[in-house]
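What follows is the content of my_file-v9.cif (mmCIF, C-alpha atoms).
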data_coords
loop_
_atom_site.label_atom_id
_atom_site.label_comp_id
_atom_site.auth_asym_id
_atom_site.auth_seq_id
_atom_site.Cartn_x
_atom_site.Cartn_y
_atom_site.Cartn_z
CA MET A 1 -34.04 -3.49 -14.40
CA ARG A 2 -30.64 -4.96 -15.19
CA PRO A 3 -28.83 -1.59 -15.01
CA MET A 4 -30.53 -0.94 -11.68
CA GLN A 5 -29.46 -4.36 -10.40
CA ARG A 6 -25.92 -3.68 -11.54
CA ILE A 7 -25.88 -0.34 -9.71
CA LYS A 8 -27.29 -1.99 -6.58
CA ARG A 9 -24.55 -4.62 -6.66
CA GLN A 10 -21.89 -1.94 -7.01
CA ASN A 11 -23.36 0.01 -4.12
CA ASP A 12 -23.47 -3.11 -1.98
CA TYR A 13 -19.83 -3.84 -2.80
CA ALA A 14 -18.82 -0.28 -1.89
CA ASP A 15 -20.68 -0.61 1.40
CA ASN A 16 -18.86 -3.86 2.14
CA VAL A 17 -15.45 -2.26 1.53
CA ALA A 18 -16.35 0.73 3.69
CA LEU A 19 -17.49 -1.52 6.50
CA GLU A 20 -14.25 -3.48 6.35
CA ILE A 21 -12.15 -0.32 6.50
CA ASP A 22 -14.06 1.00 9.48
CA GLY A 23 -13.47 -2.28 11.30
CA ALA A 24 -17.08 -3.31 11.49
CA ILE A 25 -17.74 -6.81 12.67
CA GLU A 26 -20.88 -7.34 10.64
CA MET A 27 -20.37 -7.75 6.88
CA ARG A 28 -22.95 -7.71 4.12
CA ALA A 29 -20.77 -9.78 1.84
CA SER A 30 -20.94 -13.54 1.91
CA PRO A 31 -18.89 -15.12 4.71
CA VAL A 32 -16.73 -17.34 2.50
CA PRO A 33 -14.86 -14.59 0.60
CA ALA A 34 -14.44 -12.59 3.80
CA LEU A 35 -12.96 -15.60 5.60
CA ALA A 36 -10.61 -16.38 2.69
CA GLY A 37 -9.39 -12.78 2.54
CA GLY A 38 -8.85 -12.62 6.30
CA THR A 39 -6.98 -15.91 6.37
CA LEU A 40 -4.72 -14.92 3.48
CA LEU A 41 -4.02 -11.57 5.10
CA ALA A 42 -3.20 -13.28 8.40
CA ILE A 43 -0.76 -15.60 6.59
CA ALA A 44 0.81 -12.60 4.85
CA VAL A 45 1.25 -10.85 8.19
CA ILE A 46 2.91 -13.96 9.67
CA LEU A 47 5.32 -14.43 6.73
CA THR A 48 6.18 -10.74 6.78
CA ALA A 49 6.84 -10.84 10.53
CA LEU A 50 9.22 -13.79 10.12
CA ASN A 51 11.54 -11.49 8.14
CA LEU A 52 11.65 -8.61 10.60
CA ARG A 53 14.09 -10.12 13.10
CA SER A 54 15.83 -12.99 11.28
CA ALA A 55 17.65 -10.43 9.10
CA VAL A 56 19.26 -9.07 12.27
CA THR A 57 19.70 -12.17 14.45
CA SER A 58 21.26 -14.16 11.61
CA VAL A 59 24.27 -11.80 11.68
CA ALA A 60 25.11 -12.01 15.39
CA PRO A 61 26.47 -15.61 15.52
CA LEU A 62 28.63 -14.97 12.43
CA LEU A 63 29.89 -11.54 13.45
CA GLY A 64 33.33 -12.81 14.45
CA ASP A 65 33.80 -14.65 11.14
CA MET A 66 32.65 -11.58 9.22
CA GLN A 67 35.16 -9.38 11.05
CA GLN A 68 37.99 -11.80 10.32
CA ASP A 69 37.09 -12.34 6.66
CA LEU A 70 36.50 -8.66 5.93
CA ALA A 71 39.44 -7.51 8.09
CA VAL A 72 37.35 -4.92 9.92
CA SER A 73 37.51 -3.51 13.44
CA ALA A 74 35.20 -3.88 16.41
CA ALA A 75 33.96 -0.36 15.61
CA TRP A 76 32.71 -1.62 12.22
CA ALA A 77 30.91 -4.46 13.99
CA GLY A 78 29.38 -1.94 16.37
CA VAL A 79 28.10 0.11 13.44
CA LEU A 80 26.64 -3.01 11.82
CA THR A 81 24.77 -3.98 14.99
CA THR A 82 23.59 -0.40 15.57
CA LEU A 83 22.59 0.24 11.96
CA PRO A 84 19.26 -1.65 12.12
CA VAL A 85 18.02 0.40 15.03
CA LEU A 86 19.05 3.72 13.48
CA CYS A 87 17.21 2.74 10.30
CA PHE A 88 14.18 1.77 12.34
CA ALA A 89 14.14 5.22 13.93
CA ALA A 90 14.44 7.20 10.68
CA ALA A 91 12.14 5.03 8.59
CA GLY A 92 9.69 4.70 11.46
CA LEU A 93 9.14 8.46 11.51
CA ALA A 94 8.69 8.47 7.73
CA ALA A 95 6.31 5.49 7.56
CA PRO A 96 3.01 7.34 8.16
CA ARG A 97 3.70 9.81 5.33
CA LEU A 98 4.80 7.03 2.98
CA ALA A 99 1.69 5.00 3.72
CA THR A 100 -0.50 8.03 3.08
CA TYR A 101 1.24 8.68 -0.24
CA LEU A 102 1.44 5.10 -1.56
CA GLY A 103 -1.32 3.35 0.35
CA LEU A 104 -0.72 0.72 3.02
CA GLY A 105 -0.56 -2.28 0.70
CA ARG A 106 1.94 -0.70 -1.71
CA ALA A 107 4.05 0.75 1.09
CA ILE A 108 4.48 -2.69 2.67
CA SER A 109 5.11 -4.28 -0.75
CA CYS A 110 7.88 -1.76 -1.47
CA SER A 111 9.33 -2.39 1.96
CA LEU A 112 9.47 -6.14 1.34
CA VAL A 113 11.27 -5.48 -1.96
CA MET A 114 13.84 -3.43 -0.05
CA ILE A 115 14.30 -6.25 2.46
CA THR A 116 14.76 -8.83 -0.30
CA VAL A 117 17.29 -6.77 -2.25
CA GLY A 118 19.22 -5.77 0.86
CA LEU A 119 19.53 -9.32 2.19
CA ALA A 120 20.67 -10.65 -1.18
CA VAL A 121 23.15 -7.89 -2.01
CA ARG A 122 24.79 -7.51 1.42
CA THR A 123 26.83 -10.69 0.89
CA LEU A 124 28.28 -9.86 -2.54
CA ASP A 125 31.27 -7.66 -1.69
CA GLY A 126 33.28 -5.95 1.01
CA PRO A 127 32.56 -4.01 4.23
CA ALA A 128 31.05 -0.94 2.54
CA LEU A 129 28.51 -3.00 0.58
CA VAL A 130 27.62 -5.03 3.68
CA LEU A 131 26.77 -1.81 5.51
CA GLY A 132 25.00 -0.21 2.53
CA ALA A 133 22.84 -3.22 1.70
CA SER A 134 22.06 -3.74 5.38
CA LEU A 135 20.90 -0.14 5.46
CA VAL A 136 18.44 -0.83 2.62
CA ALA A 137 17.12 -4.02 4.22
CA CYS A 138 16.76 -2.43 7.65
CA ALA A 139 14.93 0.59 6.21
CA GLY A 140 12.40 -1.80 4.70
CA ILE A 141 12.07 -3.65 7.99
CA ALA A 142 11.52 -0.36 9.82
CA LEU A 143 8.65 0.66 7.55
CA VAL A 144 6.93 -2.69 8.03
CA ASN A 145 7.44 -2.47 11.80
CA VAL A 146 5.32 0.67 11.92
CA LEU A 147 2.67 -0.30 9.38
CA ILE A 148 1.76 -3.85 10.43
CA PRO A 149 0.10 -2.67 13.70
CA VAL A 150 -2.08 -0.44 11.51
CA VAL A 151 -3.05 -3.48 9.42
CA ILE A 152 -4.01 -5.34 12.60
CA LYS A 153 -5.98 -2.41 14.04
CA GLY A 154 -7.87 -1.75 10.80
CA SER A 155 -8.39 -5.30 9.50
CA PHE A 156 -8.81 -7.30 12.71
CA PRO A 157 -10.53 -4.81 15.07
CA ALA A 158 -12.29 -7.52 17.09
CA LYS A 159 -9.12 -9.59 17.47
CA ILE A 160 -6.40 -7.04 18.18
CA GLY A 161 -4.90 -9.01 21.06
CA LEU A 162 -4.95 -12.33 19.22
CA MET A 163 -3.49 -10.97 15.98
CA THR A 164 -0.87 -8.93 17.85
CA GLY A 165 0.09 -12.09 19.71
CA ILE A 166 0.36 -14.08 16.47
CA TYR A 167 2.35 -11.29 14.82
CA THR A 168 4.71 -11.02 17.79
CA ALA A 169 5.09 -14.80 17.97
CA ALA A 170 6.13 -14.78 14.31
CA LEU A 171 8.62 -12.00 15.07
CA GLN A 172 10.08 -14.00 17.94
CA GLY A 173 10.06 -17.17 15.87
CA GLY A 174 11.93 -15.44 13.07
CA ALA A 175 14.48 -14.13 15.56
CA ALA A 176 14.96 -17.64 16.98
CA ILE A 177 15.30 -19.26 13.57
CA GLY A 178 17.82 -16.66 12.41
CA SER A 179 20.01 -17.08 15.47
CA ALA A 180 19.74 -20.87 15.76
CA LEU A 181 19.94 -21.99 12.11
CA THR A 182 22.45 -19.60 10.57
CA PRO A 183 25.59 -20.96 12.35
CA GLY A 184 24.68 -24.47 11.19
CA LEU A 185 24.28 -23.28 7.59
CA GLU A 186 27.71 -21.67 7.42
CA GLN A 187 29.75 -24.83 6.86
CA PRO A 188 27.38 -26.76 4.52
CA LEU A 189 26.82 -23.71 2.32
CA GLY A 190 30.48 -22.71 2.23
CA GLY A 191 30.82 -19.66 4.42
CA TRP A 192 29.01 -16.79 6.06
CA ARG A 193 28.01 -15.14 2.78
CA PRO A 194 25.64 -17.86 1.48
CA ALA A 195 24.47 -18.56 5.03
CA LEU A 196 23.20 -14.96 5.22
CA ALA A 197 22.05 -14.67 1.59
CA ILE A 198 19.63 -17.59 1.93
CA TRP A 199 17.36 -15.44 4.12
CA ALA A 200 16.41 -13.41 1.04
CA ALA A 201 14.29 -16.42 -0.08
CA LEU A 202 12.04 -15.96 2.95
CA ALA A 203 11.56 -12.30 2.06
CA VAL A 204 10.56 -13.20 -1.52
CA THR A 205 7.94 -15.63 -0.20
CA ALA A 206 6.48 -12.99 2.10
CA LEU A 207 6.39 -10.46 -0.75
CA VAL A 208 4.42 -12.76 -3.06
CA VAL A 209 1.82 -13.65 -0.43
CA TRP A 210 1.51 -10.04 0.74
CA VAL A 211 0.84 -8.75 -2.79
CA LEU A 212 -1.92 -11.35 -3.24
CA ALA A 213 -3.48 -10.49 0.13
CA ALA A 214 -3.27 -6.71 -0.33
CA ARG A 215 -5.08 -6.86 -3.68
CA ARG A 216 -8.17 -8.23 -1.97
CA HIS A 217 -8.58 -5.08 0.08
CA GLY A 218 -8.83 -2.71 -2.87
CA ALA A 219 -7.33 0.69 -3.50
CA THR A 220 -9.31 2.36 -0.71
CA TRP A 221 -7.94 0.08 2.01
CA VAL A 222 -5.49 2.42 3.70
CA GLN A 223 -6.61 5.91 2.71
CA ALA A 224 -9.43 5.90 5.27
CA GLN A 225 -7.12 4.39 7.89
CA VAL A 226 -4.05 6.56 7.48
CA SER A 227 -5.64 9.91 6.72
CA GLU A 228 -8.46 10.06 9.24
CA THR A 229 -6.54 11.87 12.00
CA ARG A 230 -4.20 14.86 11.83
CA ARG A 231 -3.84 15.67 15.55
CA SER A 232 -0.21 15.77 16.66
CA LEU A 233 0.77 13.55 19.58
CA LEU A 234 4.10 15.25 20.29
CA ARG A 235 2.66 17.11 23.29
CA ASN A 236 0.72 14.14 24.60
CA ARG A 237 2.14 12.77 27.86
CA LEU A 238 0.72 9.28 27.39
CA ALA A 239 2.15 9.11 23.86
CA TRP A 240 5.62 9.89 25.23
CA THR A 241 5.16 7.32 27.99
CA VAL A 242 4.34 4.65 25.40
CA THR A 243 7.33 5.83 23.34
CA LEU A 244 9.73 5.53 26.29
CA PHE A 245 8.32 2.10 27.13
CA PHE A 246 8.78 0.93 23.55
CA GLY A 247 12.23 2.53 23.33
CA SER A 248 13.58 0.97 26.52
CA GLN A 249 12.24 -2.44 25.50
CA SER A 250 13.87 -2.14 22.08
CA PHE A 251 17.10 -0.83 23.66
CA MET A 252 17.49 -4.14 25.46
CA ALA A 253 16.12 -6.31 22.66
CA TYR A 254 18.81 -5.26 20.21
CA ILE A 255 21.50 -5.71 22.81
CA VAL A 256 20.29 -9.28 23.25
CA MET A 257 20.11 -9.93 19.49
CA GLY A 258 23.43 -8.28 18.76
CA TRP A 259 25.66 -9.18 21.70
CA LEU A 260 24.27 -12.01 23.84
CA PRO A 261 25.82 -14.77 21.67
CA GLN A 262 29.23 -13.10 22.03
CA VAL A 263 28.78 -12.80 25.81
CA PHE A 264 28.31 -16.55 26.06
CA ILE A 265 31.10 -17.28 23.55
CA ASP A 266 33.53 -15.17 25.59
CA ALA A 267 32.51 -17.17 28.67
CA GLY A 268 33.54 -20.41 26.92
CA VAL A 269 30.27 -21.56 25.37
CA PRO A 270 30.83 -23.02 21.84
CA LYS A 271 29.66 -20.77 19.01
CA LEU A 272 27.00 -23.14 17.65
CA GLN A 273 25.65 -23.79 21.15
CA ALA A 274 25.60 -20.05 21.91
CA GLY A 275 23.54 -19.40 18.78
CA ILE A 276 21.02 -22.08 19.72
CA ILE A 277 20.81 -20.85 23.31
CA VAL A 278 20.12 -17.28 22.25
CA GLY A 279 17.63 -18.61 19.72
CA MET A 280 15.80 -20.19 22.65
CA SER A 281 15.55 -16.78 24.30
CA ALA A 282 13.60 -15.57 21.29
CA LEU A 283 11.62 -18.78 20.90
CA ILE A 284 10.31 -18.66 24.47
CA GLY A 285 8.52 -15.46 23.51
CA VAL A 286 6.35 -17.29 20.97
CA PRO A 287 3.97 -19.10 23.37
CA ILE A 288 4.02 -16.12 25.73
CA ALA A 289 2.97 -13.78 22.93
CA LEU A 290 0.23 -16.15 21.77
CA VAL A 291 -1.22 -16.54 25.28
CA ILE A 292 -0.44 -13.36 27.20
CA ALA A 293 -1.12 -10.71 24.55
CA PRO A 294 -4.75 -11.82 23.98
CA LEU A 295 -5.32 -12.22 27.75
CA ALA A 296 -3.82 -8.83 28.55
CA ALA A 297 -5.78 -7.13 25.76
CA ARG A 298 -9.05 -8.20 27.41
CA LYS A 299 -8.10 -6.54 30.72
CA ARG A 300 -8.59 -2.88 31.53
CA SER A 301 -4.91 -2.62 32.44
CA GLN A 302 -1.84 -4.43 31.13
CA SER A 303 0.51 -3.05 33.80
CA ALA A 304 0.74 -6.18 35.97
CA TRP A 305 1.67 -8.35 32.99
CA ILE A 306 4.36 -5.89 31.92
CA VAL A 307 5.93 -5.65 35.39
CA GLY A 308 5.81 -9.42 35.96
CA LEU A 309 7.47 -10.38 32.67
CA SER A 310 10.08 -7.63 33.00
CA THR A 311 11.04 -8.86 36.47
CA VAL A 312 11.84 -12.32 35.07
CA GLY A 313 14.07 -10.62 32.50
CA VAL A 314 15.94 -8.84 35.31
CA ILE A 315 16.70 -12.20 36.92
CA GLY A 316 18.10 -13.53 33.65
CA ALA A 317 20.28 -10.45 33.12
CA VAL A 318 21.72 -10.68 36.65
CA GLY A 319 22.55 -14.36 36.05
CA ALA A 320 24.20 -13.65 32.69
CA MET A 321 26.26 -10.90 34.32
CA ALA A 322 27.34 -12.90 37.37
CA ALA A 323 27.85 -16.41 35.93
CA PRO A 324 27.22 -16.57 32.17
CA ALA A 325 28.78 -20.00 31.63
CA SER A 326 27.17 -21.78 34.58
CA HIS A 327 23.56 -21.90 33.37
CA PRO A 328 23.46 -20.06 30.02
CA LEU A 329 20.23 -21.72 28.90
CA ILE A 330 18.37 -20.67 32.07
CA TRP A 331 19.64 -17.09 31.83
CA SER A 332 18.77 -16.94 28.16
CA ILE A 333 15.23 -18.23 28.69
CA ALA A 334 14.66 -15.77 31.56
CA ILE A 335 15.90 -12.91 29.38
CA GLY A 336 13.60 -14.16 26.63
CA VAL A 337 10.62 -14.04 28.99
CA GLY A 338 11.50 -10.43 29.77
CA GLN A 339 11.85 -9.60 26.08
CA SER A 340 8.39 -11.04 25.38
CA VAL A 341 7.07 -7.75 26.78
CA PHE A 342 7.43 -6.62 23.15
CA ALA A 343 4.06 -8.25 22.45
CA LEU A 344 2.48 -6.05 25.09
CA ALA A 345 4.29 -2.96 23.77
CA LEU A 346 2.61 -3.47 20.40
CA THR A 347 -0.71 -4.28 22.05
CA VAL A 348 -0.53 -1.09 24.11
CA ILE A 349 -0.01 0.98 20.94
CA ALA A 350 -3.32 -0.31 19.59
CA LEU A 351 -5.21 -0.19 22.89
CA ARG A 352 -4.20 3.35 23.85
CA THR A 353 -5.79 4.74 20.65
CA LYS A 354 -9.42 5.04 19.56
CA THR A 355 -9.02 5.08 15.78
CA THR A 356 -6.70 3.57 13.18
CA GLY A 357 -5.53 7.07 12.29
CA GLU A 358 -4.34 7.58 15.87
CA THR A 359 -2.80 4.11 15.78
CA VAL A 360 -0.59 4.92 12.81
CA GLN A 361 0.44 8.19 14.48
CA LEU A 362 1.26 6.56 17.81
CA SER A 363 2.94 3.63 16.09
CA GLY A 364 5.10 5.97 14.04
CA MET A 365 5.98 8.10 17.06
CA ALA A 366 6.64 5.20 19.43
CA GLN A 367 8.71 3.23 16.94
CA GLY A 368 10.43 6.24 15.36
CA PHE A 369 11.62 7.89 18.57
CA GLY A 370 11.68 4.56 20.40
CA TYR A 371 14.15 3.01 17.98
CA LEU A 372 16.20 6.21 18.09
CA ILE A 373 16.55 5.60 21.83
CA ALA A 374 17.24 1.91 21.18
CA SER A 375 20.03 2.69 18.70
CA ALA A 376 22.30 3.54 21.61
CA GLY A 377 21.87 0.07 23.12
CA PRO A 378 24.14 -2.18 21.04
CA LEU A 379 26.66 0.64 20.58
CA PHE A 380 27.10 1.47 24.28
CA PHE A 381 26.88 -2.16 25.37
CA GLY A 382 29.80 -3.02 23.07
CA LEU A 383 31.69 0.18 23.85
CA LEU A 384 31.60 -0.43 27.60
CA HIS A 385 32.96 -3.92 27.00
CA GLU A 386 35.76 -2.58 24.82
CA LEU A 387 36.71 0.03 27.43
CA THR A 388 36.60 -2.29 30.45
CA HIS A 389 37.41 -5.63 28.74
CA ARG A 390 34.60 -7.15 30.80
CA TRP A 391 30.84 -7.40 30.39
CA THR A 392 29.88 -6.23 33.91
CA ALA A 393 29.51 -2.54 33.10
CA SER A 394 27.52 -3.43 30.01
CA TRP A 395 25.07 -5.48 32.05
CA ILE A 396 24.68 -2.70 34.63
CA LEU A 397 23.59 -0.43 31.77
CA PHE A 398 21.15 -3.14 30.65
CA LEU A 399 19.62 -3.41 34.13
CA ALA A 400 19.25 0.36 34.46
CA VAL A 401 17.27 0.53 31.24
CA CYS A 402 15.19 -2.45 32.36
CA THR A 403 14.14 -0.35 35.37
CA VAL A 404 12.99 2.38 32.99
CA GLN A 405 11.00 -0.21 31.06
CA ILE A 406 9.22 -1.42 34.19
CA VAL A 407 8.21 2.09 35.28
CA THR A 408 7.08 3.36 31.87
CA GLY A 409 5.44 0.05 31.04
CA ALA A 410 3.38 0.14 34.21
CA LEU A 411 2.19 3.64 33.30
CA ALA A 412 1.58 2.85 29.64
CA GLY A 413 -0.47 -0.23 30.55
CA ARG A 414 -3.16 1.76 32.37
CA ASN A 415 -6.54 2.12 30.70
CA ARG A 416 -6.33 5.55 29.01
CA TYR A 417 -6.29 7.01 25.51
CA VAL A 418 -3.94 9.47 23.85
#

Using structure tokens, write down the structure from this file.
Amino acid sequence: MRPMQRIKRQNDYADNVALEIDGAIEMRASPVPALAGGTLLAIAVILTALNLRSAVTSVAPLLGDMQQDLAVSAAWAGVLTTLPVLCFAAAGLAAPRLATYLGLGRAISCSLVMITVGLAVRTLDGPALVLGASLVACAGIALVNVLIPVVIKGSFPAKIGLMTGIYTAALQGGAAIGSALTPGLEQPLGGWRPALAIWAALAVTALVVWVLAARRHGATWVQAQVSETRRSLLRNRLAWTVTLFFGSQSFMAYIVMGWLPQVFIDAGVPKLQAGIIVGMSALIGVPIALVIAPLAARKRSQSAWIVGLSTVGVIGAVGAMAAPASHPLIWSIAIGVGQSVFALALTVIALRTKTTGETVQLSGMAQGFGYLIASAGPLFFGLLHELTHRWTASWILFLAVCTVQIVTGALAGRNRYV
């Protein structure tokens, strides 16, 4: 009887794992282990998300000091601000294959290692190493960007809106912390190099917690999720609509992260104050993501939310273009409200698919091609400023892309499936 009992227990355990992968709500395992595993995984997702924007926003307030210390041109600064988005595009397209080959847990673990190494090494030498190490860190960030929505879809199927909101809030919080705290760390730590290097500690913390959480899901965690669908979405109109929506949103987001502090600094706002103000633009997205994403996910259509939030962002952009120094905090907060549409962009990726296999495909397509579109944002925004010596033309470009976001977002938010 004991061998039979042992076999029964093994079969029950296998059933439990299979049910978890398929996203079933009912579990045969005891509730305590399931709750502990879910909580730890949620914490791992939050810590991971905190790294995905702080690595970028921490650079923007110190960009002028980096240029002066490294004796580099504005073109070098443009490459540095564009590099993250280019990496996101390339690595985003590669993420589904990597996750299939390594498994979701290992793929994200490797990505966090890349982020840690890149953030630590980028401050050790001259301009070439800064760009090379940033490339490594941003490639790791890009992989995680694509794969975390798959984790949410597969591991929290009954709470997609809530977990997407929490994840996005952590992203926005990380962006705010990176922009607001880094300028204040520069003087106490002795320069821009240690002020940037300290962010590697956050990546190490996320890596440790993620490894512990991923082990609880077993070796079969991702194979059923990543490999279940092979249908190409490249000829799917809705998939391209979601991609354009995500791309236009990201186009503007990386302009804000890369150039908005400099816009305010050029208007006479002190550097430290500019960093804090732009940090507020990211921070305002935290409560919006926590509230709006779950609410919107329960509705048949998310279009009204997308259009409404985007319109507030338009108001902020017009104010920053016309009178940046008069009310910089108001303009920054309004822009931040518009940028909080990112939470709905991620929610739409999950809601417009029926299976986790389709989710990883749409996530890879939307973020791969979307970030390729977005890579032009910081580059052209800075180039227009350099050509005209004013920010007006740059903001006109920003507003034009915001119009694209509103149109494609309204279409992507309708209740359909790829």

Task: Matched chain/residue IDs from the PyMOL selection byres ((chain A and resi 59) around 9), as a list in words - done: Ser54, Ala55, Val56, Thr57, Ser58, Ala60, Pro61, Leu62, Leu63, Met66, Thr81, Gly178, Ser179, Thr182, Trp192, Leu196 and Gly258 of chain A

From A:Ser111, A:Thr82, A:Gln273, A:Thr168, residue lying nearest A:Ala206 [all atoms listed in the file] =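 Closest to A:Ala206, using all atoms listed in the file: A:Ser111.
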
**Message:** Translate the PyMOL selection byres ((chain A and resi 321-329) around 7) into a concrete residue list for this structure, as a PyMOL selection string.
**Reply:** chain A and resi 264+267-269+277+317-320+330-333+391-392+395

- Would you list the contacts of stretch 139-150 of chain A as a list in words, taking every protein, DNA or RNA residue within 6 Å and counting all atoms listed in the file, but skipping same-chain residues closer than 3 positions in sequence?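 Listed by chain and then number, they are Leu52, Cys87, Phe88, Ala91, Gly92, Ala95, Ile108, Ser111, Met114, Ile115, Val136, Lys153, Gly154, Val360, Ser363 and Gly364 of chain A.
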
Please expand the PyMOL selection byres ((chain A and resi 302) around 12) into the concrete residues it hits in this file, giving the result as an NGL selection string. :A and (161 or 292-301 or 303-309 or 341 or 343-349 or 351-352 or 406 or 408-416)

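With all atoms listed in the file as the atoms that count, the residue of A:Gly118, A:Pro127, A:Gly382, A:Gly368 with the shortest distance to A:Ala90 is A:Gly368.
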
Counting only C-alpha atoms, closest pick from A:Val72, A:Ile335, A:Ile373, A:Met252 relative to A:Leu397 is A:Met252

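The interatomic distance for the pair atom CA of A:Val204 and atom CA of A:Thr116 works out to 6.2 Å.
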
What does the distance from atom CA of A:Val151 to atom CA of A:Gly285 come to in Å, to one decimal?
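For atom CA of A:Val151 relative to atom CA of A:Gly285, the distance reads 21.8 Å.
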
Extract, using all atoms listed in the file, all DNA, RNA and protein residues at most 9 Å from A:Cys402, discarding same-chain residues fewer than 4 positions from it, and format them as a list in words. Ser248, Gln249, Met252, Ser310, Thr311, Gly313, Val314, Leu397, Phe398, Ile406 and Val407 of chain A

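Minimum distance to A:Ile255 across A:Ala75, A:Ala44, A:Ala201, A:Val401 (counting only C-alpha atoms) occurs at A:Val401.
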
If you count all atoms listed in the file, the residue of A:Gly173, A:Tyr101, A:Leu383, A:Leu234 closest to A:Val278 turns out to be A:Gly173

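Taking atom CA of A:Trp199 and atom CA of A:Ala274 as the two end points, the separation is 20.1 Å.
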
Using only C-alpha atoms, find the one residue out of A:Thr359, A:Leu379, A:Leu202, A:Ser232 that sits nearest to A:Gly174.
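Ranked by minimum distance to A:Gly174, first place goes to A:Leu202.
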